[in-house]
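A.B. asks: Below you'll find my_file-v9.cif; it's mmCIF, C-alpha atoms and all ligand atoms.
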```
data_final
loop_
_atom_site.label_atom_id
_atom_site.label_comp_id
_atom_site.auth_asym_id
_atom_site.auth_seq_id
_atom_site.Cartn_x
_atom_site.Cartn_y
_atom_site.Cartn_z
CA MET A 1 11.26 -19.54 21.01
CA PRO A 2 13.67 -19.47 18.06
CA SER A 3 16.88 -21.37 18.54
CA ILE A 4 20.03 -19.31 18.86
CA LEU A 5 21.29 -21.00 15.73
CA ASP A 6 18.28 -19.81 13.68
CA VAL A 7 18.65 -16.29 14.99
CA GLN A 8 22.33 -16.21 14.14
CA THR A 9 21.83 -17.64 10.65
CA ILE A 10 19.10 -15.14 9.80
CA GLU A 11 21.16 -12.24 11.10
CA LYS A 12 24.13 -13.46 9.10
CA ASN A 13 22.05 -13.85 5.93
CA ARG A 14 20.73 -10.33 6.33
CA GLU A 15 24.20 -8.89 6.86
CA GLU A 16 25.36 -10.71 3.78
CA LEU A 17 22.47 -9.44 1.65
CA PHE A 18 22.94 -5.87 2.84
CA SER A 19 26.69 -5.90 2.21
CA ARG A 20 26.49 -7.42 -1.26
CA THR A 21 23.97 -4.75 -2.31
CA ASN A 22 25.50 -1.56 -3.59
CA TRP A 23 23.25 0.29 -1.16
CA PHE A 24 22.61 3.64 -2.82
CA ASP A 25 22.35 2.19 -6.32
CA SER A 26 18.74 1.45 -7.27
CA THR A 27 19.77 -1.09 -9.93
CA SER A 28 21.71 -3.09 -7.38
CA GLN A 29 18.79 -2.85 -4.95
CA LEU A 30 16.49 -4.22 -7.65
CA GLN A 31 18.89 -6.98 -8.63
CA ASN A 32 19.14 -8.11 -5.03
CA ARG A 33 15.40 -8.15 -4.38
CA VAL A 34 14.25 -10.98 -2.16
CA LYS A 35 11.70 -13.36 -3.69
CA GLY A 36 9.17 -15.65 -2.02
CA GLU A 37 11.33 -18.76 -2.00
CA ASP A 38 14.12 -16.88 -0.18
CA LEU A 39 12.03 -15.32 2.57
CA ASP A 40 13.00 -18.07 5.02
CA LYS A 41 16.60 -16.90 4.82
CA TYR A 42 15.68 -13.46 6.15
CA PHE A 43 12.73 -14.12 8.43
CA LEU A 44 11.99 -16.68 11.07
CA LEU A 45 8.73 -17.70 9.42
CA THR A 46 5.57 -18.73 11.25
CA ASP A 47 3.46 -21.65 10.01
CA SER A 48 0.88 -19.17 8.78
CA GLU A 49 3.52 -17.35 6.74
CA LYS A 50 4.88 -20.59 5.31
CA LYS A 51 1.36 -21.50 4.18
CA GLY A 52 0.84 -17.99 2.78
CA ILE A 53 4.05 -18.14 0.76
CA ALA A 54 3.18 -21.56 -0.67
CA GLU A 55 -0.51 -20.97 -1.35
CA THR A 56 -1.01 -17.24 -1.92
CA ILE A 57 -3.65 -16.28 -4.46
CA ARG A 58 -2.22 -12.78 -4.60
CA LEU A 59 0.72 -11.18 -6.37
CA ASN A 60 4.33 -12.37 -6.36
CA VAL A 61 6.67 -11.65 -3.47
CA SER A 62 9.55 -9.23 -3.90
CA ALA A 63 11.30 -6.77 -1.60
CA THR A 64 14.31 -4.51 -1.96
CA PRO A 65 17.07 -5.02 0.60
CA TYR A 66 16.47 -1.39 1.66
CA TYR A 67 12.80 -2.05 2.52
CA LEU A 68 13.52 -5.47 3.97
CA LYS A 69 16.01 -3.87 6.34
CA LEU A 70 13.14 -1.87 7.89
CA SER A 71 11.41 -5.12 8.85
CA ASP A 72 11.81 -7.32 11.90
CA PRO A 73 13.09 -10.85 11.17
CA PHE A 74 11.70 -12.30 14.40
CA ASP A 75 8.44 -10.46 15.03
CA PRO A 76 5.58 -11.64 12.78
CA GLN A 77 3.52 -8.60 13.84
CA CYS A 78 6.08 -6.13 12.47
CA PRO A 79 4.10 -3.80 10.17
CA ILE A 80 6.77 -3.70 7.45
CA ARG A 81 7.10 -7.46 7.51
CA ARG A 82 3.35 -7.86 7.11
CA MET A 83 3.49 -5.76 3.94
CA ILE A 84 6.30 -7.99 2.55
CA VAL A 85 5.51 -11.53 3.73
CA PRO A 86 2.23 -13.29 2.83
CA ASP A 87 0.36 -15.10 5.58
CA SER A 88 -2.27 -17.82 5.42
CA SER A 89 -5.17 -15.36 5.03
CA GLU A 90 -3.81 -14.66 1.52
CA SER A 91 -4.65 -18.18 0.45
CA VAL A 92 -8.39 -17.80 1.08
CA LEU A 93 -10.87 -16.42 -1.44
CA SER A 94 -13.86 -14.95 0.41
CA VAL A 95 -17.28 -14.83 -1.26
CA GLU A 96 -17.42 -11.05 -1.32
CA GLU A 97 -14.06 -10.72 -3.05
CA SER A 98 -13.33 -10.29 -6.76
CA SER A 99 -10.20 -9.52 -8.73
CA ASP A 100 -11.54 -6.28 -10.19
CA PRO A 101 -14.09 -4.88 -7.74
CA LEU A 102 -13.78 -1.34 -9.16
CA HIS A 103 -14.54 -2.45 -12.75
CA GLU A 104 -11.28 -0.96 -13.97
CA GLU A 105 -11.30 -3.36 -16.92
CA ARG A 106 -14.95 -2.84 -17.88
CA LEU A 107 -14.33 0.93 -17.86
CA SER A 108 -11.27 0.54 -20.08
CA PRO A 109 -11.62 1.85 -23.65
CA VAL A 110 -8.06 0.81 -24.58
CA ARG A 111 -5.59 -1.52 -22.92
CA GLY A 112 -4.23 -0.07 -19.69
CA LEU A 113 -6.51 2.96 -19.54
CA THR A 114 -9.50 3.40 -17.20
CA HIS A 115 -11.85 6.25 -18.01
CA MET A 116 -14.41 6.53 -15.25
CA TYR A 117 -14.46 10.22 -14.37
CA PRO A 118 -15.09 12.46 -17.38
CA ASN A 119 -12.01 14.68 -16.97
CA ARG A 120 -9.42 12.28 -15.57
CA VAL A 121 -8.08 8.89 -16.50
CA LEU A 122 -6.02 6.21 -14.86
CA LEU A 123 -3.12 4.86 -16.90
CA PHE A 124 -1.58 1.50 -16.04
CA SER A 125 1.97 2.17 -17.19
CA ASN A 126 3.74 -1.06 -16.24
CA HIS A 127 3.32 -4.20 -14.18
CA SER A 128 6.41 -4.02 -11.99
CA CYS A 129 7.27 -2.37 -8.68
CA SER A 130 10.26 -2.32 -6.34
CA VAL A 131 8.35 -4.11 -3.61
CA TYR A 132 5.14 -6.07 -4.12
CA CYS A 133 2.88 -4.94 -1.31
CA ARG A 134 0.76 -7.75 0.05
CA HIS A 135 -2.26 -5.41 0.18
CA CYS A 136 -1.89 -4.16 -3.43
CA MET A 137 -5.37 -3.52 -4.82
CA ARG A 138 -4.20 -4.17 -8.36
CA GLY A 139 -2.75 -7.59 -7.66
CA ARG A 140 -4.62 -9.06 -10.65
CA LYS A 141 -2.15 -7.28 -12.94
CA VAL A 142 0.80 -6.10 -10.90
CA SER A 143 3.82 -8.46 -10.89
CA SER A 144 2.45 -10.52 -13.81
CA PRO A 145 4.74 -10.39 -16.89
CA LYS A 146 1.78 -10.98 -19.20
CA GLU A 147 0.46 -7.58 -18.17
CA ARG A 148 3.53 -5.88 -19.59
CA MET A 149 2.60 -2.60 -21.30
CA GLU A 150 4.39 -2.39 -24.64
CA LYS A 151 5.22 0.92 -26.25
CA GLU A 152 2.36 0.35 -28.71
CA ASP A 153 -0.10 -0.09 -25.84
CA LEU A 154 0.98 3.22 -24.39
CA GLU A 155 0.76 4.83 -27.81
CA SER A 156 -2.86 3.69 -28.18
CA ALA A 157 -3.60 5.08 -24.72
CA PHE A 158 -2.10 8.44 -25.73
CA ASP A 159 -4.10 8.40 -28.98
CA TYR A 160 -7.26 7.91 -26.94
CA ILE A 161 -6.33 10.76 -24.60
CA ARG A 162 -5.46 12.98 -27.56
CA THR A 163 -8.85 12.46 -29.15
CA HIS A 164 -10.77 13.03 -25.90
CA SER A 165 -10.43 16.70 -25.18
CA GLU A 166 -12.36 16.40 -21.91
CA ILE A 167 -9.38 14.62 -20.30
CA GLU A 168 -7.37 17.11 -18.24
CA ASP A 169 -5.67 14.92 -15.68
CA VAL A 170 -3.78 11.66 -16.19
CA VAL A 171 -3.01 9.49 -13.17
CA ILE A 172 -0.08 7.24 -14.03
CA SER A 173 -0.05 4.19 -11.91
CA GLY A 174 0.72 0.55 -12.31
CA GLY A 175 2.65 -1.11 -11.15
CA ASP A 176 4.93 1.75 -10.45
CA PRO A 177 5.75 4.25 -13.22
CA LEU A 178 9.10 5.01 -11.59
CA ASN A 179 10.11 1.40 -12.21
CA LEU A 180 10.23 2.30 -15.90
CA SER A 181 13.50 3.48 -17.39
CA ASN A 182 14.34 7.17 -17.38
CA ALA A 183 14.05 7.16 -21.17
CA ARG A 184 10.52 5.69 -21.04
CA ILE A 185 9.42 8.16 -18.36
CA ASP A 186 10.86 11.01 -20.44
CA TRP A 187 8.89 9.79 -23.44
CA ILE A 188 5.62 9.37 -21.49
CA LEU A 189 5.81 12.83 -19.95
CA GLY A 190 6.76 14.31 -23.32
CA GLU A 191 3.72 12.71 -24.96
CA LEU A 192 1.42 14.01 -22.24
CA SER A 193 2.77 17.54 -22.36
CA SER A 194 2.28 17.57 -26.13
CA ILE A 195 -1.48 17.10 -25.61
CA PRO A 196 -2.86 20.61 -25.06
CA HIS A 197 -5.90 19.63 -22.98
CA VAL A 198 -3.87 17.54 -20.51
CA LYS A 199 -2.93 19.93 -17.72
CA ILE A 200 -2.09 17.60 -14.88
CA CYS A 201 -0.10 14.42 -14.61
CA ARG A 202 0.12 12.45 -11.39
CA LEU A 203 2.77 9.85 -10.76
CA GLY A 204 1.50 7.20 -8.35
CA THR A 205 4.67 5.71 -6.96
CA ARG A 206 5.80 3.86 -3.87
CA ASN A 207 9.48 4.22 -4.68
CA PRO A 208 10.05 7.01 -2.13
CA VAL A 209 9.00 4.40 0.45
CA THR A 210 10.41 1.16 -0.93
CA LEU A 211 13.41 2.33 -2.97
CA PRO A 212 14.16 6.01 -2.33
CA PHE A 213 17.44 5.73 -4.25
CA ARG A 214 15.37 5.46 -7.45
CA ILE A 215 14.54 9.17 -7.07
CA THR A 216 17.84 10.26 -8.59
CA LYS A 217 18.91 13.71 -9.72
CA GLU A 218 18.72 12.49 -13.34
CA LEU A 219 15.15 11.29 -12.93
CA CYS A 220 14.17 14.53 -11.21
CA SER A 221 15.68 16.66 -13.94
CA ILE A 222 13.70 14.69 -16.55
CA ILE A 223 10.52 15.28 -14.59
CA GLU A 224 11.43 18.93 -14.11
CA SER A 225 11.93 19.42 -17.84
CA HIS A 226 8.29 18.47 -18.42
CA ASN A 227 6.93 20.32 -15.40
CA ASN A 228 6.07 23.57 -17.11
CA ASP A 229 3.33 25.89 -18.37
CA SER A 230 1.57 23.14 -20.27
CA LEU A 231 1.83 20.36 -17.68
CA SER A 232 1.90 20.24 -13.87
CA VAL A 233 3.40 17.13 -12.35
CA PHE A 234 2.18 15.78 -9.02
CA CYS A 235 3.35 12.74 -7.15
CA ASN A 236 1.19 10.65 -4.89
CA THR A 237 3.10 8.17 -2.82
CA GLN A 238 2.02 5.62 -0.23
CA PHE A 239 3.57 5.69 3.22
CA ASN A 240 1.58 3.43 5.51
CA HIS A 241 3.59 3.37 8.72
CA PRO A 242 5.92 5.74 10.62
CA LYS A 243 8.74 3.17 10.35
CA GLU A 244 8.83 3.96 6.62
CA CYS A 245 9.69 7.63 7.23
CA THR A 246 13.47 7.34 7.04
CA PRO A 247 16.14 9.98 6.28
CA GLU A 248 16.61 8.30 2.87
CA ALA A 249 12.90 8.66 2.12
CA LYS A 250 13.02 12.30 3.14
CA GLU A 251 15.94 12.96 0.80
CA ALA A 252 14.01 11.38 -2.06
CA ILE A 253 10.97 13.54 -1.34
CA LEU A 254 13.09 16.69 -1.13
CA ARG A 255 14.58 15.91 -4.54
CA LEU A 256 11.08 15.59 -6.00
CA LEU A 257 9.98 18.83 -4.37
CA LYS A 258 13.03 20.63 -5.75
CA SER A 259 11.99 19.60 -9.24
CA GLY A 260 8.70 21.36 -8.64
CA VAL A 261 6.65 18.24 -8.02
CA SER A 262 3.94 18.48 -5.39
CA VAL A 263 4.02 15.38 -3.19
CA GLY A 264 0.99 13.91 -1.43
CA ASN A 265 0.38 10.70 0.45
CA GLN A 266 -2.31 8.09 0.00
CA SER A 267 -2.15 5.44 2.66
CA VAL A 268 -4.14 2.27 2.84
CA LEU A 269 -5.89 1.40 6.06
CA LEU A 270 -4.52 -2.01 7.05
CA LYS A 271 -5.62 -4.16 9.95
CA GLY A 272 -2.89 -4.67 12.54
CA ILE A 273 -0.51 -2.38 10.61
CA ASN A 274 -1.87 1.13 10.89
CA ASP A 275 -5.48 0.83 12.06
CA SER A 276 -5.10 3.11 15.04
CA GLY A 277 -5.41 6.85 15.53
CA GLU A 278 -2.06 7.03 17.34
CA ILE A 279 -0.11 5.35 14.53
CA MET A 280 -1.82 7.39 11.82
CA LEU A 281 -1.19 10.59 13.75
CA GLU A 282 2.49 9.73 14.16
CA LEU A 283 2.75 8.79 10.47
CA HIS A 284 1.21 12.03 9.28
CA LYS A 285 3.31 14.13 11.66
CA LYS A 286 6.41 12.54 10.21
CA LEU A 287 5.08 13.06 6.69
CA LEU A 288 4.58 16.78 7.33
CA GLU A 289 8.18 16.95 8.57
CA MET A 290 9.09 15.48 5.19
CA ARG A 291 6.86 18.15 3.57
CA VAL A 292 4.39 15.59 2.33
CA ARG A 293 0.74 16.55 2.58
CA ALA A 294 -1.96 14.05 3.37
CA TYR A 295 -4.29 13.15 0.52
CA TYR A 296 -6.28 9.97 0.97
CA LEU A 297 -6.69 7.15 3.44
CA TYR A 298 -8.11 4.21 1.51
CA ASP A 299 -10.46 1.63 2.82
CA PRO A 300 -8.98 -1.63 1.46
CA GLU A 301 -10.65 -3.06 -1.64
CA LEU A 302 -12.48 -6.38 -1.76
CA ILE A 303 -9.73 -8.13 -3.69
CA PRO A 304 -8.95 -11.87 -3.48
CA GLY A 305 -7.09 -12.94 -0.36
CA SER A 306 -7.43 -9.56 1.35
CA ARG A 307 -9.41 -10.61 4.44
CA GLY A 308 -6.33 -10.33 6.65
CA PHE A 309 -6.11 -6.60 5.98
CA ARG A 310 -9.71 -5.45 6.05
CA THR A 311 -11.07 -3.34 8.89
CA PRO A 312 -14.62 -2.29 9.75
CA LEU A 313 -15.67 0.84 7.84
CA GLN A 314 -16.03 2.76 11.09
CA LYS A 315 -12.28 2.35 11.80
CA GLY A 316 -11.30 4.88 9.14
CA VAL A 317 -13.87 7.39 10.36
CA GLU A 318 -12.64 6.90 13.91
CA ILE A 319 -9.04 7.53 12.84
CA VAL A 320 -9.66 10.78 10.97
CA SER A 321 -11.89 11.88 13.83
CA TYR A 322 -9.08 11.16 16.31
CA MET A 323 -6.61 13.16 14.22
CA ARG A 324 -8.77 16.29 13.95
CA GLY A 325 -7.44 18.96 16.32
CA LYS A 326 -4.16 17.11 16.96
CA ILE A 327 -2.38 17.95 13.70
CA ALA A 328 -2.62 20.61 11.00
CA GLY A 329 -5.46 20.02 8.58
CA MET A 330 -2.95 19.41 5.79
CA GLY A 331 -1.80 16.35 7.74
CA ILE A 332 -5.27 14.78 7.89
CA PRO A 333 -6.16 12.51 4.97
CA GLN A 334 -9.65 12.18 3.57
CA PHE A 335 -10.97 8.73 4.33
CA VAL A 336 -12.18 7.36 1.01
CA ASN A 337 -13.98 4.32 -0.15
CA ASP A 338 -13.62 3.49 -3.83
CA LEU A 339 -17.08 2.15 -4.52
CA PRO A 340 -17.27 -1.37 -5.91
CA GLY A 341 -18.79 -1.52 -9.37
CA GLY A 342 -17.04 1.56 -10.74
CA GLY A 343 -18.87 4.08 -8.55
CA GLY A 344 -15.75 6.13 -7.98
CA LYS A 345 -14.40 7.42 -4.71
CA ILE A 346 -16.51 8.88 -1.94
CA THR A 347 -15.35 10.39 1.34
CA LEU A 348 -16.51 9.35 4.78
CA SER A 349 -16.18 12.00 7.44
CA PRO A 350 -16.67 12.12 11.18
CA ASN A 351 -20.00 13.63 12.08
CA TRP A 352 -19.21 16.78 14.02
CA TYR A 353 -22.57 18.22 13.07
CA LEU A 354 -25.36 17.36 15.49
CA GLY A 355 -28.33 19.19 14.02
CA TYR A 356 -30.42 22.33 13.79
CA PHE A 357 -32.94 23.82 16.17
CA PRO A 358 -35.26 26.10 14.11
CA ASP A 359 -36.78 27.94 17.11
CA THR A 360 -33.48 29.64 17.92
CA ARG A 361 -31.97 29.22 14.39
CA GLN A 362 -29.03 27.41 15.99
CA HIS A 363 -26.76 24.66 14.75
CA ALA A 364 -25.11 22.32 17.23
CA PHE A 365 -21.65 20.80 16.73
CA ARG A 366 -19.40 18.48 18.68
CA SER A 367 -15.97 20.06 19.12
CA ALA A 368 -12.94 17.94 18.25
CA VAL A 369 -10.94 19.90 20.84
CA THR A 370 -13.23 20.23 23.86
CA GLY A 371 -15.45 17.24 23.09
CA LYS A 372 -18.41 19.43 24.11
CA VAL A 373 -21.35 20.84 22.20
CA HIS A 374 -20.87 24.27 20.61
CA PHE A 375 -23.44 26.39 18.76
CA SER A 376 -23.60 28.74 15.83
CA PHE A 377 -26.41 30.61 14.05
CA GLU A 378 -28.06 30.22 10.66
CA PRO A 379 -28.62 33.59 8.94
CA SER A 380 -32.18 34.85 9.43
CA GLY A 381 -34.37 34.39 6.37
CA SER A 382 -32.28 31.41 5.26
CA GLU A 383 -33.92 29.23 2.62
CA TYR A 384 -31.80 26.27 3.57
CA GLU A 385 -33.42 25.34 6.90
CA SER A 386 -35.03 22.25 5.42
CA PHE A 387 -31.62 20.84 4.47
CA TYR A 388 -30.53 20.34 8.06
CA HIS A 389 -31.13 17.52 10.43
CA ILE A 390 -33.86 19.02 12.62
CA LEU A 391 -33.55 18.53 16.37
CA ASN A 392 -36.65 18.21 18.52
CA GLU A 393 -37.04 20.02 21.81
CA GLN A 394 -35.93 17.05 23.89
CA GLU A 395 -32.78 16.52 21.85
CA TRP A 396 -32.05 20.22 22.02
CA GLU A 397 -32.35 20.31 25.82
CA LYS A 398 -29.94 17.41 26.08
CA LEU A 399 -27.38 19.13 23.88
CA ILE A 400 -27.62 22.32 25.89
CA ALA A 401 -26.95 20.33 29.03
CA ASP A 402 -23.95 18.72 27.35
CA SER A 403 -22.56 22.09 26.33
CA THR A 404 -22.33 23.38 29.87
CA SER A 405 -21.75 20.20 31.86
CA ARG A 406 -18.26 18.92 32.69
C1 LIG B 1 -8.76 7.17 -8.12
C2 LIG B 1 -9.02 7.30 -9.53
C3 LIG B 1 -8.82 8.52 -10.20
C4 LIG B 1 -8.35 9.76 -9.49
O1 LIG B 1 -9.26 10.15 -8.49
P1 LIG B 1 -9.00 11.47 -7.62
O2 LIG B 1 -10.12 11.49 -6.63
O3 LIG B 1 -9.03 12.61 -8.58
O4 LIG B 1 -7.67 11.34 -6.98
C5 LIG B 1 -9.11 8.58 -11.53
N1 LIG B 1 -9.57 7.50 -12.20
C6 LIG B 1 -9.78 6.32 -11.58
C7 LIG B 1 -10.31 5.18 -12.37
C8 LIG B 1 -9.50 6.18 -10.23
O5 LIG B 1 -9.70 5.01 -9.63
S1 LIG B 2 3.82 -0.30 -5.18
FE1 LIG B 2 1.64 0.10 -5.57
S2 LIG B 2 1.14 -1.02 -7.44
FE2 LIG B 2 3.09 -1.84 -6.64
S3 LIG B 2 2.54 -3.59 -5.37
FE3 LIG B 2 2.67 -1.81 -4.02
S4 LIG B 2 0.56 -1.02 -3.94
FE4 LIG B 2 0.69 -2.38 -5.73
#
```
Would it be possible to restate this file's structure as structure tokens?

C.D. replies:
Amino acid sequence: MPSILDVQTIEKNREELFSRTNWFDSTSQLQNRVKGEDLDKYFLLTDSEKKGIAETIRLNVSATPYYLKLSDPFDPQCPIRRMIVPDSSESVLSVEESSDPLHEERLSPVRGLTHMYPNRVLLFSNHSCSVYCRHCMRGRKVSSPKERMEKEDLESAFDYIRTHSEIEDVVISGGDPLNLSNARIDWILGELSSIPHVKICRLGTRNPVTLPFRITKELCSIIESHNNDSLSVFCNTQFNHPKECTPEAKEAILRLLKSGVSVGNQSVLLKGINDSGEIMLELHKKLLEMRVRAYYLYDPELIPGSRGFRTPLQKGVEIVSYMRGKIAGMGIPQFVNDLPGGGGKITLSPNWYLGYFPDTRQHAFRSAVTGKVHFSFEPSGSEYESFYHILNEQEWEKLIADSTSR
């Protein structure tokens, strides 16, 4: 039990932080970010958290007052808190972990650029973010000043893109591209739209979640000025929990939408934070109310100190299976695993398909709504029968029984 004195001090410190921050001003929010050594002023820390803060092998700690305000100072299980405050599992390197499991560096022809898929590239635009998420998969670079991308680095990346006409789609990530200055963002988008074969630019940003006030009218009008016939701008953000879906976040999203930017969400599946069908359903319902469509649900990467966040692979399949039928399809993310070793992303889907019975030319499916077995027919004369999982007579009888029983 915390002493009343501790509780009062922490509440007072929070009040003080919130009132000295010029709340709607993103610069003030950034200036007043809370760093690792100050976490004990704003949270009643557990021993595990104290160890995590002292011994983390992951990225630096930093949180905007806005995002910190969404967290619970006294409950160590609070999902927002767990994304801000390290715990002791962050100090352990497991044998299966490595700092670059996806081979982003090995697949990098020039500094900051990863070219794995033929027609799309990943551009690391900067090392900083508004909040450093404990689960960040790019912790080897993010938050480290020596990973700063200079203008010349970006110029070399653009030269590479310019001379590779197969590149149609540039994913700008980081770090967080919206933590660059308006002038730099203007320049980057201008460079991309001057390359005729680049048709799509995606901004990977968590600012709508962690610092919605960064999505200003000025920023949106810069983006809008480059969102035209030669370039289409998309934004993929990362809401992980319904508590993050605030009115401020919604306003930020609406500003982006008004500037013609299509907004999608890529959440990360995180143990104890959002690894349940109910929470994911609630999150995606709220996202649809904010007009954000679901894109991906990521299985966490095997990065150093990530054991505290990892879930069994089946969890993600279970979650998207739970969601099917309970929300519009545009609210259901694809569960993806980014394959270690630079294999790219693959999707894992629930298996609604049960198999094929050639005698009657029937397919059997499990319904997400009724939970029962339903049938449909393969066209006669189909040349694809050998592609299906063939059911034997016994299996078929069982499925028929399951379709009528209950
Ligand atoms: C994720 C990723 C992309 C984009 O993949 P999409 O499936 O198109 O969203 C591109 N390049 C790299 C290296 C990536 O990791
Ligand atoms: S905002 Fe993105 S890049 Fe930055 S720390 Fe969070 S997950 Fe990593």

A.B. asks: Report as JSON lines: every residue of chain A with an atom at most 6 Å from ligand LIG 2 (chain B), its closest pair of atoms, and their distance in Å to one decimal, counting all atoms listed in the file, with rows sorted by chain and ascending residue number.

C.D. replies:
```
{"residue": "A:Cys129", "atom": "CA", "partner": "B:LIG2", "partner_atom": "FE2", "distance": 4.7}
{"residue": "A:Tyr132", "atom": "CA", "partner": "B:LIG2", "partner_atom": "S3", "distance": 3.8}
{"residue": "A:Cys133", "atom": "CA", "partner": "B:LIG2", "partner_atom": "FE3", "distance": 4.1}
{"residue": "A:Cys136", "atom": "CA", "partner": "B:LIG2", "partner_atom": "FE4", "distance": 3.9}
{"residue": "A:Arg138", "atom": "CA", "partner": "B:LIG2", "partner_atom": "FE4", "distance": 5.8}
{"residue": "A:Gly174", "atom": "CA", "partner": "B:LIG2", "partner_atom": "S2", "distance": 5.1}
{"residue": "A:Gly175", "atom": "CA", "partner": "B:LIG2", "partner_atom": "S2", "distance": 4.0}
{"residue": "A:Asp176", "atom": "CA", "partner": "B:LIG2", "partner_atom": "FE2", "distance": 5.5}
{"residue": "A:Arg206", "atom": "CA", "partner": "B:LIG2", "partner_atom": "S1", "distance": 4.8}
```

A.B. asks: Taking 4 positions as the minimum chain separation for residues in the same chain, which residues sit within 9 Å of Ala183 of chain A when counting only C-alpha atoms? Answer as an NGL selection string.

C.D. replies: :A and (187-188 or 222)

A.B. asks: List every residue of chain A that has an atom at most 9 Å from any atom of ligand LIG 1 (chain B), and for each one report the closest atom pair and its distance in Å to one decimal, counting only C-alpha atoms and all ligand atoms, with rows sorted by chain and then by increasing residue number, as a Markdown table.

C.D. replies:
```
| residue | atom | partner | partner_atom | distance |
| --- | --- | --- | --- | --- |
| A:Leu102 | CA | B:LIG1 | O5 | 7.6 |
| A:His103 | CA | B:LIG1 | C7 | 8.7 |
| A:Glu104 | CA | B:LIG1 | C7 | 6.4 |
| A:Leu107 | CA | B:LIG1 | C7 | 8.0 |
| A:Leu113 | CA | B:LIG1 | C7 | 8.4 |
| A:Thr114 | CA | B:LIG1 | C7 | 5.2 |
| A:His115 | CA | B:LIG1 | C7 | 5.9 |
| A:Met116 | CA | B:LIG1 | C7 | 5.2 |
| A:Tyr117 | CA | B:LIG1 | N1 | 6.0 |
| A:Asn119 | CA | B:LIG1 | C5 | 8.7 |
| A:Arg120 | CA | B:LIG1 | C5 | 5.5 |
| A:Val121 | CA | B:LIG1 | N1 | 4.8 |
| A:Leu122 | CA | B:LIG1 | N1 | 4.6 |
| A:Leu123 | CA | B:LIG1 | N1 | 8.4 |
| A:Asp169 | CA | B:LIG1 | O3 | 8.2 |
| A:Val170 | CA | B:LIG1 | C5 | 7.7 |
| A:Val171 | CA | B:LIG1 | C5 | 6.4 |
| A:Tyr295 | CA | B:LIG1 | O4 | 8.4 |
| A:Tyr296 | CA | B:LIG1 | O4 | 8.2 |
| A:Val336 | CA | B:LIG1 | O2 | 8.9 |
| A:Asp338 | CA | B:LIG1 | O5 | 7.2 |
| A:Gly342 | CA | B:LIG1 | C7 | 7.8 |
| A:Gly344 | CA | B:LIG1 | O5 | 6.4 |
| A:Lys345 | CA | B:LIG1 | O2 | 6.2 |
| A:Ile346 | CA | B:LIG1 | O2 | 8.3 |
```

A.B. asks: Compile a residue-level contact table for segment 126-233 of chain A against segment 71-92 of chain A at a cut-off of 12 Å, reporting for every qualifying residue the shortest atom pair and its distance in Å to one decimal, with all atoms listed in the file counted, rows ordered by chain and ascending number, as a tab-separated table.

C.D. replies:
```
residue	atom	partner	partner_atom	distance
A:Ser130	CA	A:Ile84	CA	11.3
A:Val131	CA	A:Ile84	CA	7.6
A:Tyr132	CA	A:Ile84	CA	7.0
A:Cys133	CA	A:Met83	CA	5.3
A:Arg134	CA	A:Met83	CA	5.2
A:His135	CA	A:Met83	CA	6.9
A:Cys136	CA	A:Met83	CA	9.3
A:Gly139	CA	A:Glu90	CA	11.6
A:Val209	CA	A:Ile80	CA	10.9
A:Thr210	CA	A:Ile80	CA	10.3
```

A.B. asks: Per residue of segment 73-132 of chain A within 10 Å of segment 147-154 of chain A, record the nearest atom pair and its distance in Å to one decimal, counting all atoms listed in the file, with rows in chain order and ascending residue number, as a tab-separated table.

C.D. replies:
```
residue	atom	partner	partner_atom	distance
A:Val110	CA	A:Asp153	CA	8.1
A:Arg111	CA	A:Asp153	CA	6.4
A:Gly112	CA	A:Asp153	CA	7.4
A:Leu113	CA	A:Leu154	CA	8.9
A:Leu123	CA	A:Leu154	CA	8.7
A:Phe124	CA	A:Met149	CA	7.9
A:Ser125	CA	A:Met149	CA	6.3
A:Asn126	CA	A:Met149	CA	5.4
A:His127	CA	A:Arg148	CA	5.7
A:Ser128	CA	A:Arg148	CA	8.3
```

A.B. asks: Would you please work out which residue, of A:Asn60, A:Ser193, A:Gln238, A:Ser156, is nearest to Ser173 of chain A when using all atoms listed in the file?

C.D. replies: A:Gln238

A.B. asks: Can you tell me which residues surround segment 243-253 of chain A at a distance of at most 9 Å, considering all atoms listed in the file, apart from same-chain residues fewer than 2 positions away, and format the answer as an NGL selection string?

C.D. replies: :A and (67 or 70-71 or 79-80 or 207-216 or 239-241 or 255-258 or 263 or 283 or 286-287 or 289-292)

A.B. asks: Extract, using only C-alpha atoms, all DNA, RNA and protein residues at most 12 Å from Thr163 of chain A, discarding same-chain residues fewer than 3 positions from it, and format them as a ChimeraX atom specification.

C.D. replies: /A:156-160,166-168,195-198

A.B. asks: I'd like the neighbourhood of segment 36-44 of chain A as a VMD selection string, where a residue qualifies if any of its atoms comes within 7 Å (using only C-alpha atoms), though same-chain residues fewer than 5 positions away should be ignored.

C.D. replies: chain A and resid 10 13 to 14 53 61 to 62 73 to 74

A.B. asks: Could you save those same residues with C-alpha atoms as a CSV table (one decimal), in the coordinates of the input?

C.D. replies:
```csv
chain,number,residue,atom,x,y,z
A,10,ILE,CA,19.1,-15.1,9.8
A,13,ASN,CA,22.0,-13.8,5.9
A,14,ARG,CA,20.7,-10.3,6.3
A,53,ILE,CA,4.0,-18.1,0.8
A,61,VAL,CA,6.7,-11.6,-3.5
A,62,SER,CA,9.6,-9.2,-3.9
A,73,PRO,CA,13.1,-10.8,11.2
A,74,PHE,CA,11.7,-12.3,14.4
```
